Amino acid sequence: MRRTQLAPTRRTHIPLTRRARRRLAADAALLVVAAAFVLPLAWLVLASFDDGATLRVRVPSSPTLDNFSAVLTDEITFTPMLNSLVLCGSATVLTVVCAALAAYPLSRYRSRFNRPYLLTILFSTCLPITAVMVPVYGLFVQVDLVDTVYGTALFLATSQLPFAIWLMKNFMDGVPKVLEEAAWTDGASMPQTLRRVVLPLMGPGATVVMIYTFIMLWGNFFVPFMLLLSPDQLPASVTIFTLFGNYGSVAYGQLAAFSILYSTPVLVLYILISRRLGGGFALGGAVKG
Amino acid sequence: MNTGGGADTATGGRRRPVRWLPLAPATLLLLLFLAGPICYCVYIAFTNMQLTGSSHTDFVGLANFRRALSDERFRNAVWLTLVFTFVSSVVGQNTLGLALAGLMRRASRTVRTLTGALVITAWVLPEIVAAFLLYAFFRREGTLNAVLDLFHLPGQNWLFTLPILAVSFANVWRGTAFSMLIYSAALAEIPEEITEAAEVDGASGWRAVWHITLPMIRRSIGTNLMLNTLQTLSVFGLIWAMTRGGPGDRSQTLPVFMYDQAFTKSLIGYGTAVALLLLLVGSLFSVVYLRLMKVEV
């Protein structure tokens with residue numbers, strides 16, 4: 001960082017202006033792209049404060065919180081959000097616990113068995129889960145798991161598991177083994193070592209896996225859309241879709257307000273982990289290998 | 001994995017299967033809810049299972065696949081999937097992501113932070129919210145036409161006239177951040193001396209990009225294209241919420257077609273055959289991706 005800032009002063013006058021011109025051109029190009037990205041988002045924010053919101057971006061003539069108070073009811077906001085929390089929360093816990101357990105032997109022990117297992121995991125990370133939904137529905141009908149929250153949570157957890165294991169294993173590889181060896185010498189068992197030594201040391205990594213899993217599940221639409229039927233069990237991702245279809249043409253402002261309420265948790269969580277995810281993250285070192 | 005030696009010697013004495021026990025819960029879930037459905041998928045794809053009378057399920061061999069090949073709506077869905085994938089993932093997300101990553105290295109800090117935050121916000125938003133935002137953007141009375149109006153250009157109902165392009169652009173809006181992050185990381189790893197040396201040698205901007213930057217990040221380009229394509233192949237919610245595959249079947253990609261056949265038309269067997277084809281294409285891309293990465297695990 002510092003080097004690029006100092007460079008112009010050390011250089012002669014000509015490269016400096018060239019560099020400045022380049023920067024201006026890059027800024028201009030980026031601002032055009034930023035404008036294209038901001039328009040739909042601006043509509044969302046402005047419409048949520050606009051009593052007579054239309055589908056077009058406009059500054060509300062008299063900003064109001066009416067849209068928010070209209071959707072802050074049990075039926076529209078609280079029950080679906082609570083459902084989302086229960087569904088995604090339990091699936092996340094299941095994913096993280098299973099991933100942490102699975103990552104341990106994969107990261108710590110060597111065996112001929114590791115490489116095929118990890119390759120299979122990586123392979124299933126890439127499979128289009130959408131395509132599996134029809135047979136999953138068929139199976140769920142046969143074993144009576146359709147329209148159950150725990151059945152849906154089990155499937156959601158499994159769908160995130162391959163990537164969670166992969167991420168978790170990579171984070172665990174980064175924890176030095178010296179401390180574990182000391183614990184083993186002291187006679188600690190493997191579960192004790194995992195809980196008392198390894199997990200605390202990879203706390204930030206495990207948190208990233210947890211938050212990332214939760215974000216992915218919170219936004220997931222297709223799985224609960226297929227597997228849950230009772231309106232009182234539906235998470236926010238599906239109820240917003242029903243709202244959208246049924247009242248969409250009537251109350252855009254309320255729909256925007258609800259969209260904001262529904263999106264806020266994931267945006268906040270993403271900001272919390274963005275520093276660890278940003279740049280070098282590139283989906284879980286999956287790219288680095 | 002090469003660092004595993006230390007633990008091995010420490011536990012050399014206890015090579016018991018019990019130490020692989022922690023793998024059991026995850027493996028069990030994966031077998032039950034992922035491998036299970038995939039095997040079941042292979043089975044149903046060869047039957048005439050329908051939602052209504054599951055007792056009449058018969059084995060029909062390749063009939064579902066033959067039917068797909070001669071079904072004009074299936075071929076339409078394949079074509080639209082190709083268009084959707086090519087426009088939104090190969091051209092859109094990939095190129096725009098690379099361009100953004102490249103420009104950000106030259107731009108001022110404020111602009112870089114602002115653009116990055118916006119692009120990433122579009123990515124983090126839940127799928128249905130993104131679909132709703134872009135639905136509003138592309139409607140006749142929506143923002144896109146308002147902008148075109150400013151420049152005295154004719155507006156239209158994009159979701160009706162060009163539905164597949166509208167959903168493709170929606171997917172670009174939503175998915176570009178991923179490519180941008182991958183390429184930012186890749187570009188940051190190019191040593192500065194190399195680009196500076198090229199400048200000293202008088203390589204102009206585009207030639208430097210073509211002959212130096214692109215070859216140096218070709219592995220990232222390959223993996224990014226694979227991952228983008230795989231993600232795009234399974235997009236359902238975005239299209240379903242924006243157009244439901246319509247009008248008619250003019251934005252009906254394979255996942256939407258599969259859903260329509262299996263649940264609207266109750267042809268589970270046929271729908272699953274389509275799902276199986278989708279899985280096969282996905283697996284093919286996954287294998288190429290794993291090869292490209294030369295994974296060292």
# chains A, B, ... in the order shown; residues from 1 in each chain; ligands from 1

call {"tool": "residues_around", "arguments": {"residues": "Ile240 in chain A", "least_positions_apart": "5", "cutoff": "12 Å", "atoms": "only C-alpha atoms", "output": "PyMOL selection string"}}
result
(chain A and resi 71+75-77+80-81+84+219+221+225+231+234-235+245-248+252+254-263) or (chain B and resi 126-132+237+241)

call {"tool": "select_by_dssp", "arguments": {"residues": "range 117-286 of chain B", "states": "helix (DSSP H, G or I)", "output": "JSON, numbers by chain"}}
result
{"B": [117, 118, 119, 120, 121, 122, 123, 124, 127, 128, 129, 130, 131, 132, 133, 134, 135, 136, 137, 138, 143, 144, 145, 146, 147, 148, 149, 150, 158, 159, 160, 161, 163, 164, 165, 166, 167, 168, 169, 170, 171, 172, 173, 174, 175, 176, 177, 178, 179, 180, 181, 182, 183, 184, 185, 186, 187, 188, 192, 193, 194, 195, 196, 197, 198, 199, 200, 205, 206, 207, 208, 209, 210, 211, 212, 213, 214, 215, 216, 218, 219, 220, 221, 222, 223, 224, 225, 226, 227, 228, 229, 230, 231, 232, 233, 237, 238, 239, 240, 241, 242, 243, 254, 255, 256, 257, 258, 259, 260, 261, 262, 263, 264, 268, 269, 270, 271, 272, 273, 274, 275, 276, 277, 278, 279, 280, 281, 282, 283, 284, 285, 286]}

call {"tool": "closest_residue", "arguments": {"among": "B:Pro17, B:Gly245, B:Gly175, B:Gly271", "to": "chain A", "atoms": "only C-alpha atoms"}}
result
B:Gly271

call {"tool": "closest_residue", "arguments": {"among": "A:Arg112, A:Phe140, A:Leu228, A:Tyr104", "to": "Val175 in chain A", "atoms": "only C-alpha atoms"}}
result
A:Tyr104

call {"tool": "residues_around", "arguments": {"residues": "range 28-41 of chain B", "least_positions_apart": "6", "cutoff": "9 Å", "atoms": "only C-alpha atoms", "output": "PyMOL selection string"}}
result
(chain A and resi 98+124+129+132-139+154-155+157-159+161-162) or (chain B and resi 269+272-273+275-276+279)

call {"tool": "write_last_selection", "arguments": {"atoms": "N, CA, C and O atoms", "output": "mmCIF file, in the first residue's frame"}}
result
data_model
loop_
_atom_site.group_PDB
_atom_site.id
_atom_site.type_symbol
_atom_site.label_atom_id
_atom_site.label_comp_id
_atom_site.auth_asym_id
_atom_site.auth_seq_id
_atom_site.Cartn_x
_atom_site.Cartn_y
_atom_site.Cartn_z
ATOM 1 N N CYS A 98 -20.986 -31.527 12.666
ATOM 2 C CA CYS A 98 -20.554 -32.653 11.829
ATOM 3 C C CYS A 98 -19.281 -32.308 11.061
ATOM 4 O O CYS A 98 -18.386 -33.145 10.920
ATOM 5 N N SER A 124 -18.786 -33.213 -4.553
ATOM 6 C CA SER A 124 -20.195 -32.971 -4.238
ATOM 7 C C SER A 124 -20.464 -31.503 -3.924
ATOM 8 O O SER A 124 -21.599 -31.045 -4.049
ATOM 9 N N ILE A 129 -27.314 -28.806 -6.636
ATOM 10 C CA ILE A 129 -28.263 -29.331 -5.644
ATOM 11 C C ILE A 129 -29.699 -29.239 -6.168
ATOM 12 O O ILE A 129 -30.539 -30.081 -5.866
ATOM 13 N N VAL A 132 -31.130 -32.331 -7.462
ATOM 14 C CA VAL A 132 -31.413 -33.421 -6.526
ATOM 15 C C VAL A 132 -32.797 -33.264 -5.896
ATOM 16 O O VAL A 132 -33.330 -34.199 -5.300
ATOM 17 N N MET A 133 -33.389 -32.065 -6.051
ATOM 18 C CA MET A 133 -34.604 -31.784 -5.290
ATOM 19 C C MET A 133 -35.793 -32.675 -5.653
ATOM 20 O O MET A 133 -36.595 -33.000 -4.789
ATOM 21 N N VAL A 134 -35.928 -33.052 -6.910
ATOM 22 C CA VAL A 134 -37.074 -33.896 -7.279
ATOM 23 C C VAL A 134 -36.979 -35.266 -6.600
ATOM 24 O O VAL A 134 -37.919 -35.679 -5.912
ATOM 25 N N PRO A 135 -35.860 -35.996 -6.716
ATOM 26 C CA PRO A 135 -35.764 -37.261 -5.975
ATOM 27 C C PRO A 135 -35.842 -37.078 -4.463
ATOM 28 O O PRO A 135 -36.405 -37.940 -3.776
ATOM 29 N N VAL A 136 -35.288 -35.976 -3.940
ATOM 30 C CA VAL A 136 -35.369 -35.756 -2.496
ATOM 31 C C VAL A 136 -36.836 -35.652 -2.086
ATOM 32 O O VAL A 136 -37.267 -36.258 -1.102
ATOM 33 N N TYR A 137 -37.609 -34.931 -2.875
ATOM 34 C CA TYR A 137 -39.032 -34.814 -2.570
ATOM 35 C C TYR A 137 -39.681 -36.201 -2.591
ATOM 36 O O TYR A 137 -40.426 -36.558 -1.677
ATOM 37 N N GLY A 138 -39.347 -36.982 -3.621
ATOM 38 C CA GLY A 138 -39.903 -38.337 -3.727
ATOM 39 C C GLY A 138 -39.554 -39.179 -2.511
ATOM 40 O O GLY A 138 -40.417 -39.833 -1.928
ATOM 41 N N LEU A 139 -38.282 -39.123 -2.101
ATOM 42 C CA LEU A 139 -37.849 -39.886 -0.922
ATOM 43 C C LEU A 139 -38.566 -39.403 0.331
ATOM 44 O O LEU A 139 -39.016 -40.202 1.152
ATOM 45 N N LEU A 154 -32.474 -31.304 8.230
ATOM 46 C CA LEU A 154 -31.480 -32.345 7.946
ATOM 47 C C LEU A 154 -30.978 -32.234 6.511
ATOM 48 O O LEU A 154 -29.775 -32.323 6.244
ATOM 49 N N PHE A 155 -31.910 -32.027 5.580
ATOM 50 C CA PHE A 155 -31.457 -31.932 4.197
ATOM 51 C C PHE A 155 -30.643 -30.662 3.974
ATOM 52 O O PHE A 155 -29.613 -30.683 3.303
ATOM 53 N N ALA A 157 -28.831 -29.061 6.119
ATOM 54 C CA ALA A 157 -27.512 -29.266 6.722
ATOM 55 C C ALA A 157 -26.629 -30.081 5.779
ATOM 56 O O ALA A 157 -25.469 -29.743 5.551
ATOM 57 N N THR A 158 -27.192 -31.151 5.206
ATOM 58 C CA THR A 158 -26.399 -31.995 4.312
ATOM 59 C C THR A 158 -25.952 -31.221 3.084
ATOM 60 O O THR A 158 -24.840 -31.396 2.599
ATOM 61 N N SER A 159 -26.834 -30.350 2.577
ATOM 62 C CA SER A 159 -26.481 -29.645 1.347
ATOM 63 C C SER A 159 -25.276 -28.725 1.562
ATOM 64 O O SER A 159 -24.510 -28.483 0.649
ATOM 65 N N LEU A 161 -22.956 -29.344 3.929
ATOM 66 C CA LEU A 161 -21.903 -30.101 4.610
ATOM 67 C C LEU A 161 -20.608 -30.245 3.793
ATOM 68 O O LEU A 161 -19.529 -30.016 4.341
ATOM 69 N N PRO A 162 -20.673 -30.608 2.510
ATOM 70 C CA PRO A 162 -19.413 -30.795 1.788
ATOM 71 C C PRO A 162 -18.519 -29.564 1.856
ATOM 72 O O PRO A 162 -17.342 -29.654 2.193
ATOM 73 N N GLY B 269 -41.205 -39.226 -12.982
ATOM 74 C CA GLY B 269 -40.206 -39.994 -13.721
ATOM 75 C C GLY B 269 -39.509 -39.144 -14.770
ATOM 76 O O GLY B 269 -38.275 -39.090 -14.822
ATOM 77 N N THR B 272 -37.420 -36.360 -13.243
ATOM 78 C CA THR B 272 -36.184 -36.869 -12.657
ATOM 79 C C THR B 272 -35.162 -37.212 -13.732
ATOM 80 O O THR B 272 -33.957 -37.051 -13.522
ATOM 81 N N ALA B 273 -35.653 -37.694 -14.886
ATOM 82 C CA ALA B 273 -34.719 -37.964 -15.979
ATOM 83 C C ALA B 273 -34.009 -36.672 -16.371
ATOM 84 O O ALA B 273 -32.793 -36.655 -16.605
ATOM 85 N N ALA B 275 -33.534 -34.137 -14.329
ATOM 86 C CA ALA B 275 -32.629 -33.852 -13.212
ATOM 87 C C ALA B 275 -31.342 -34.658 -13.353
ATOM 88 O O ALA B 275 -30.245 -34.159 -13.100
ATOM 89 N N LEU B 276 -31.484 -35.922 -13.779
ATOM 90 C CA LEU B 276 -30.314 -36.779 -13.921
ATOM 91 C C LEU B 276 -29.369 -36.232 -14.993
ATOM 92 O O LEU B 276 -28.152 -36.221 -14.817
ATOM 93 N N LEU B 279 -27.585 -33.398 -13.514
ATOM 94 C CA LEU B 279 -26.546 -33.887 -12.612
ATOM 95 C C LEU B 279 -25.334 -34.384 -13.396
ATOM 96 O O LEU B 279 -24.189 -34.157 -13.000
#

call {"tool": "atom_distance", "arguments": {"atom1": "CA of Ser111 in chain A", "atom2": "CA of Thr92 in chain A"}}
result
28.8 Å

call {"tool": "atom_distance", "arguments": {"atom1": "CA of Leu80 in chain B", "atom2": "CA of Pro163 in chain B"}}
result
10.4 Å

call {"tool": "closest_residue", "arguments": {"among": "B:Gly155, B:Gly61, B:Gly248, B:Gly142", "to": "chain A", "atoms": "only C-alpha atoms"}}
result
B:Gly142

call {"tool": "closest_residue", "arguments": {"among": "B:His152, B:Arg66, B:His211, B:Arg244", "to": "chain A", "atoms": "only C-alpha atoms"}}
result
B:Arg244

call {"tool": "atom_distance", "arguments": {"atom1": "CA of Asn67 in chain A", "atom2": "CA of Phe49 in chain A"}}
result
6.7 Å

call {"tool": "closest_residue", "arguments": {"among": "B:Asp71, B:Asp249, B:Asp58, B:Glu196", "to": "chain A", "atoms": "only C-alpha atoms"}}
result
B:Glu196

call {"tool": "closest_residue", "arguments": {"among": "A:Leu272, A:Leu82, A:Leu87, A:Ala131", "to": "chain B", "atoms": "only C-alpha atoms"}}
result
A:Ala131

call {"tool": "residues_around", "arguments": {"residues": "Asn64 in chain B", "least_positions_apart": "6", "cutoff": "7 Å", "atoms": "only C-alpha atoms", "output": "PyMOL selection string"}}
result
chain B and resi 45-46+270+273

call {"tool": "write_last_selection", "arguments": {"atoms": "all heavy atoms", "output": "PDB file, in the first residue's frame"}}
result
ATOM      1  N   ALA B  45     -35.550 -42.234 -12.769  1.00  0.00           N
ATOM      2  CA  ALA B  45     -35.435 -41.729 -14.130  1.00  0.00           C
ATOM      3  C   ALA B  45     -35.792 -42.806 -15.153  1.00  0.00           C
ATOM      4  O   ALA B  45     -36.139 -42.498 -16.285  1.00  0.00           O
ATOM      5  CB  ALA B  45     -34.022 -41.213 -14.387  1.00  0.00           C
ATOM      6  N   PHE B  46     -35.715 -44.085 -14.742  1.00  0.00           N
ATOM      7  CA  PHE B  46     -36.034 -45.170 -15.665  1.00  0.00           C
ATOM      8  C   PHE B  46     -37.439 -45.733 -15.429  1.00  0.00           C
ATOM      9  O   PHE B  46     -37.768 -46.803 -15.897  1.00  0.00           O
ATOM     10  CB  PHE B  46     -34.992 -46.291 -15.554  1.00  0.00           C
ATOM     11  CG  PHE B  46     -33.635 -45.866 -16.020  1.00  0.00           C
ATOM     12  CD1 PHE B  46     -32.678 -45.398 -15.121  1.00  0.00           C
ATOM     13  CD2 PHE B  46     -33.322 -45.894 -17.373  1.00  0.00           C
ATOM     14  CE1 PHE B  46     -31.443 -44.985 -15.559  1.00  0.00           C
ATOM     15  CE2 PHE B  46     -32.081 -45.483 -17.815  1.00  0.00           C
ATOM     16  CZ  PHE B  46     -31.139 -45.020 -16.906  1.00  0.00           C
ATOM     17  N   TYR B 270     -40.305 -38.430 -15.544  1.00  0.00           N
ATOM     18  CA  TYR B 270     -39.743 -37.601 -16.613  1.00  0.00           C
ATOM     19  C   TYR B 270     -38.922 -36.453 -16.019  1.00  0.00           C
ATOM     20  O   TYR B 270     -37.794 -36.191 -16.447  1.00  0.00           O
ATOM     21  CB  TYR B 270     -40.881 -37.070 -17.484  1.00  0.00           C
ATOM     22  CG  TYR B 270     -40.427 -36.332 -18.716  1.00  0.00           C
ATOM     23  CD1 TYR B 270     -39.337 -36.766 -19.440  1.00  0.00           C
ATOM     24  CD2 TYR B 270     -41.109 -35.193 -19.143  1.00  0.00           C
ATOM     25  CE1 TYR B 270     -38.928 -36.092 -20.574  1.00  0.00           C
ATOM     26  CE2 TYR B 270     -40.702 -34.514 -20.284  1.00  0.00           C
ATOM     27  CZ  TYR B 270     -39.614 -34.958 -20.989  1.00  0.00           C
ATOM     28  OH  TYR B 270     -39.205 -34.281 -22.101  1.00  0.00           O
ATOM     29  N   ALA B 273     -35.653 -37.694 -14.886  1.00  0.00           N
ATOM     30  CA  ALA B 273     -34.719 -37.964 -15.979  1.00  0.00           C
ATOM     31  C   ALA B 273     -34.009 -36.672 -16.371  1.00  0.00           C
ATOM     32  O   ALA B 273     -32.793 -36.655 -16.605  1.00  0.00           O
ATOM     33  CB  ALA B 273     -35.470 -38.546 -17.172  1.00  0.00           C
TER      34      ALA B 273
END

call {"tool": "decode", "arguments": {"residues": "range 182-277 of chain A", "atoms": "C-alpha atoms", "output": "PDB file, in the first residue's frame"}}
result
ATOM      1  CA  ALA A 182       1.326 -32.186  24.545  1.00  0.00           C
ATOM      2  CA  ALA A 183      -2.289 -32.872  25.475  1.00  0.00           C
ATOM      3  CA  TRP A 184      -2.004 -36.454  24.241  1.00  0.00           C
ATOM      4  CA  THR A 185       1.105 -36.979  26.302  1.00  0.00           C
ATOM      5  CA  ASP A 186      -0.890 -35.797  29.298  1.00  0.00           C
ATOM      6  CA  GLY A 187      -3.357 -38.549  28.517  1.00  0.00           C
ATOM      7  CA  ALA A 188      -6.171 -36.505  26.993  1.00  0.00           C
ATOM      8  CA  SER A 189      -8.548 -38.402  24.761  1.00  0.00           C
ATOM      9  CA  MET A 190      -9.234 -37.362  21.196  1.00  0.00           C
ATOM     10  CA  PRO A 191     -12.641 -35.722  21.865  1.00  0.00           C
ATOM     11  CA  GLN A 192     -11.066 -33.801  24.753  1.00  0.00           C
ATOM     12  CA  THR A 193      -8.212 -32.616  22.557  1.00  0.00           C
ATOM     13  CA  LEU A 194     -10.613 -31.532  19.845  1.00  0.00           C
ATOM     14  CA  ARG A 195     -12.826 -29.628  22.247  1.00  0.00           C
ATOM     15  CA  ARG A 196     -10.235 -28.104  24.569  1.00  0.00           C
ATOM     16  CA  VAL A 197      -7.260 -27.538  22.274  1.00  0.00           C
ATOM     17  CA  VAL A 198      -8.060 -27.545  18.567  1.00  0.00           C
ATOM     18  CA  LEU A 199     -11.450 -25.839  18.444  1.00  0.00           C
ATOM     19  CA  PRO A 200     -10.469 -22.907  20.686  1.00  0.00           C
ATOM     20  CA  LEU A 201      -7.375 -22.370  18.536  1.00  0.00           C
ATOM     21  CA  MET A 202      -9.367 -22.390  15.315  1.00  0.00           C
ATOM     22  CA  GLY A 203     -12.240 -20.387  16.820  1.00  0.00           C
ATOM     23  CA  PRO A 204     -12.158 -17.665  14.144  1.00  0.00           C
ATOM     24  CA  GLY A 205     -12.126 -20.278  11.384  1.00  0.00           C
ATOM     25  CA  ALA A 206     -14.997 -22.212  12.900  1.00  0.00           C
ATOM     26  CA  THR A 207     -16.946 -18.955  13.280  1.00  0.00           C
ATOM     27  CA  VAL A 208     -16.429 -18.191   9.610  1.00  0.00           C
ATOM     28  CA  VAL A 209     -17.752 -21.626   8.667  1.00  0.00           C
ATOM     29  CA  MET A 210     -20.735 -21.161  10.953  1.00  0.00           C
ATOM     30  CA  ILE A 211     -21.687 -17.692   9.722  1.00  0.00           C
ATOM     31  CA  TYR A 212     -21.116 -18.600   6.091  1.00  0.00           C
ATOM     32  CA  THR A 213     -23.313 -21.698   6.433  1.00  0.00           C
ATOM     33  CA  PHE A 214     -26.024 -19.663   8.119  1.00  0.00           C
ATOM     34  CA  ILE A 215     -25.959 -16.993   5.382  1.00  0.00           C
ATOM     35  CA  MET A 216     -26.291 -19.613   2.662  1.00  0.00           C
ATOM     36  CA  LEU A 217     -29.175 -21.349   4.438  1.00  0.00           C
ATOM     37  CA  TRP A 218     -31.001 -18.140   5.353  1.00  0.00           C
ATOM     38  CA  GLY A 219     -31.234 -17.190   1.679  1.00  0.00           C
ATOM     39  CA  ASN A 220     -32.088 -20.686   0.453  1.00  0.00           C
ATOM     40  CA  PHE A 221     -35.438 -20.684  -1.289  1.00  0.00           C
ATOM     41  CA  PHE A 222     -35.824 -23.902  -3.258  1.00  0.00           C
ATOM     42  CA  VAL A 223     -35.361 -26.455  -0.449  1.00  0.00           C
ATOM     43  CA  PRO A 224     -38.020 -25.128   1.974  1.00  0.00           C
ATOM     44  CA  PHE A 225     -40.213 -24.223  -1.010  1.00  0.00           C
ATOM     45  CA  MET A 226     -40.247 -27.900  -1.998  1.00  0.00           C
ATOM     46  CA  LEU A 227     -40.184 -29.648   1.359  1.00  0.00           C
ATOM     47  CA  LEU A 228     -42.401 -27.476   3.577  1.00  0.00           C
ATOM     48  CA  LEU A 229     -46.106 -27.051   2.927  1.00  0.00           C
ATOM     49  CA  SER A 230     -47.856 -25.697   6.027  1.00  0.00           C
ATOM     50  CA  PRO A 231     -47.977 -21.893   5.917  1.00  0.00           C
ATOM     51  CA  ASP A 232     -47.186 -21.628   9.626  1.00  0.00           C
ATOM     52  CA  GLN A 233     -43.864 -23.466   9.146  1.00  0.00           C
ATOM     53  CA  LEU A 234     -42.571 -21.530   6.153  1.00  0.00           C
ATOM     54  CA  PRO A 235     -39.365 -19.533   6.534  1.00  0.00           C
ATOM     55  CA  ALA A 236     -39.057 -15.923   5.354  1.00  0.00           C
ATOM     56  CA  SER A 237     -37.458 -16.921   2.032  1.00  0.00           C
ATOM     57  CA  VAL A 238     -40.693 -18.653   1.010  1.00  0.00           C
ATOM     58  CA  THR A 239     -43.203 -16.262   2.595  1.00  0.00           C
ATOM     59  CA  ILE A 240     -41.620 -13.315   0.787  1.00  0.00           C
ATOM     60  CA  PHE A 241     -42.230 -15.230  -2.419  1.00  0.00           C
ATOM     61  CA  THR A 242     -45.909 -15.721  -1.557  1.00  0.00           C
ATOM     62  CA  LEU A 243     -46.204 -12.061  -0.569  1.00  0.00           C
ATOM     63  CA  PHE A 244     -44.542 -11.130  -3.822  1.00  0.00           C
ATOM     64  CA  GLY A 245     -47.029 -13.185  -5.840  1.00  0.00           C
ATOM     65  CA  ASN A 246     -50.143 -12.241  -3.931  1.00  0.00           C
ATOM     66  CA  TYR A 247     -49.782  -8.640  -2.892  1.00  0.00           C
ATOM     67  CA  GLY A 248     -46.861  -7.621  -5.070  1.00  0.00           C
ATOM     68  CA  SER A 249     -48.888  -5.388  -7.312  1.00  0.00           C
ATOM     69  CA  VAL A 250     -50.545  -3.694  -4.380  1.00  0.00           C
ATOM     70  CA  ALA A 251     -47.991  -2.800  -1.722  1.00  0.00           C
ATOM     71  CA  TYR A 252     -44.486  -2.476  -3.148  1.00  0.00           C
ATOM     72  CA  GLY A 253     -43.451  -0.331  -0.212  1.00  0.00           C
ATOM     73  CA  GLN A 254     -44.351  -3.030   2.295  1.00  0.00           C
ATOM     74  CA  LEU A 255     -42.655  -5.668   0.216  1.00  0.00           C
ATOM     75  CA  ALA A 256     -39.507  -3.528   0.138  1.00  0.00           C
ATOM     76  CA  ALA A 257     -39.690  -3.007   3.892  1.00  0.00           C
ATOM     77  CA  PHE A 258     -40.015  -6.736   4.477  1.00  0.00           C
ATOM     78  CA  SER A 259     -37.158  -7.445   2.058  1.00  0.00           C
ATOM     79  CA  ILE A 260     -34.945  -5.133   4.087  1.00  0.00           C
ATOM     80  CA  LEU A 261     -35.910  -6.776   7.384  1.00  0.00           C
ATOM     81  CA  TYR A 262     -35.314 -10.215   5.902  1.00  0.00           C
ATOM     82  CA  SER A 263     -31.946  -9.277   4.364  1.00  0.00           C
ATOM     83  CA  THR A 264     -30.504  -7.399   7.337  1.00  0.00           C
ATOM     84  CA  PRO A 265     -29.274 -10.430   9.326  1.00  0.00           C
ATOM     85  CA  VAL A 266     -27.212 -11.818   6.453  1.00  0.00           C
ATOM     86  CA  LEU A 267     -25.774  -8.420   5.548  1.00  0.00           C
ATOM     87  CA  VAL A 268     -24.717  -7.823   9.153  1.00  0.00           C
ATOM     88  CA  LEU A 269     -23.230 -11.307   9.478  1.00  0.00           C
ATOM     89  CA  TYR A 270     -21.377 -10.944   6.203  1.00  0.00           C
ATOM     90  CA  ILE A 271     -19.822  -7.682   7.382  1.00  0.00           C
ATOM     91  CA  LEU A 272     -18.688  -9.494  10.535  1.00  0.00           C
ATOM     92  CA  ILE A 273     -16.742 -12.098   8.580  1.00  0.00           C
ATOM     93  CA  SER A 274     -15.925 -10.126   5.448  1.00  0.00           C
ATOM     94  CA  ARG A 275     -12.382  -9.365   6.506  1.00  0.00           C
ATOM     95  CA  ARG A 276     -11.590 -13.050   6.786  1.00  0.00           C
ATOM     96  CA  LEU A 277     -13.539 -13.942   3.670  1.00  0.00           C
TER      97      LEU A 277
END
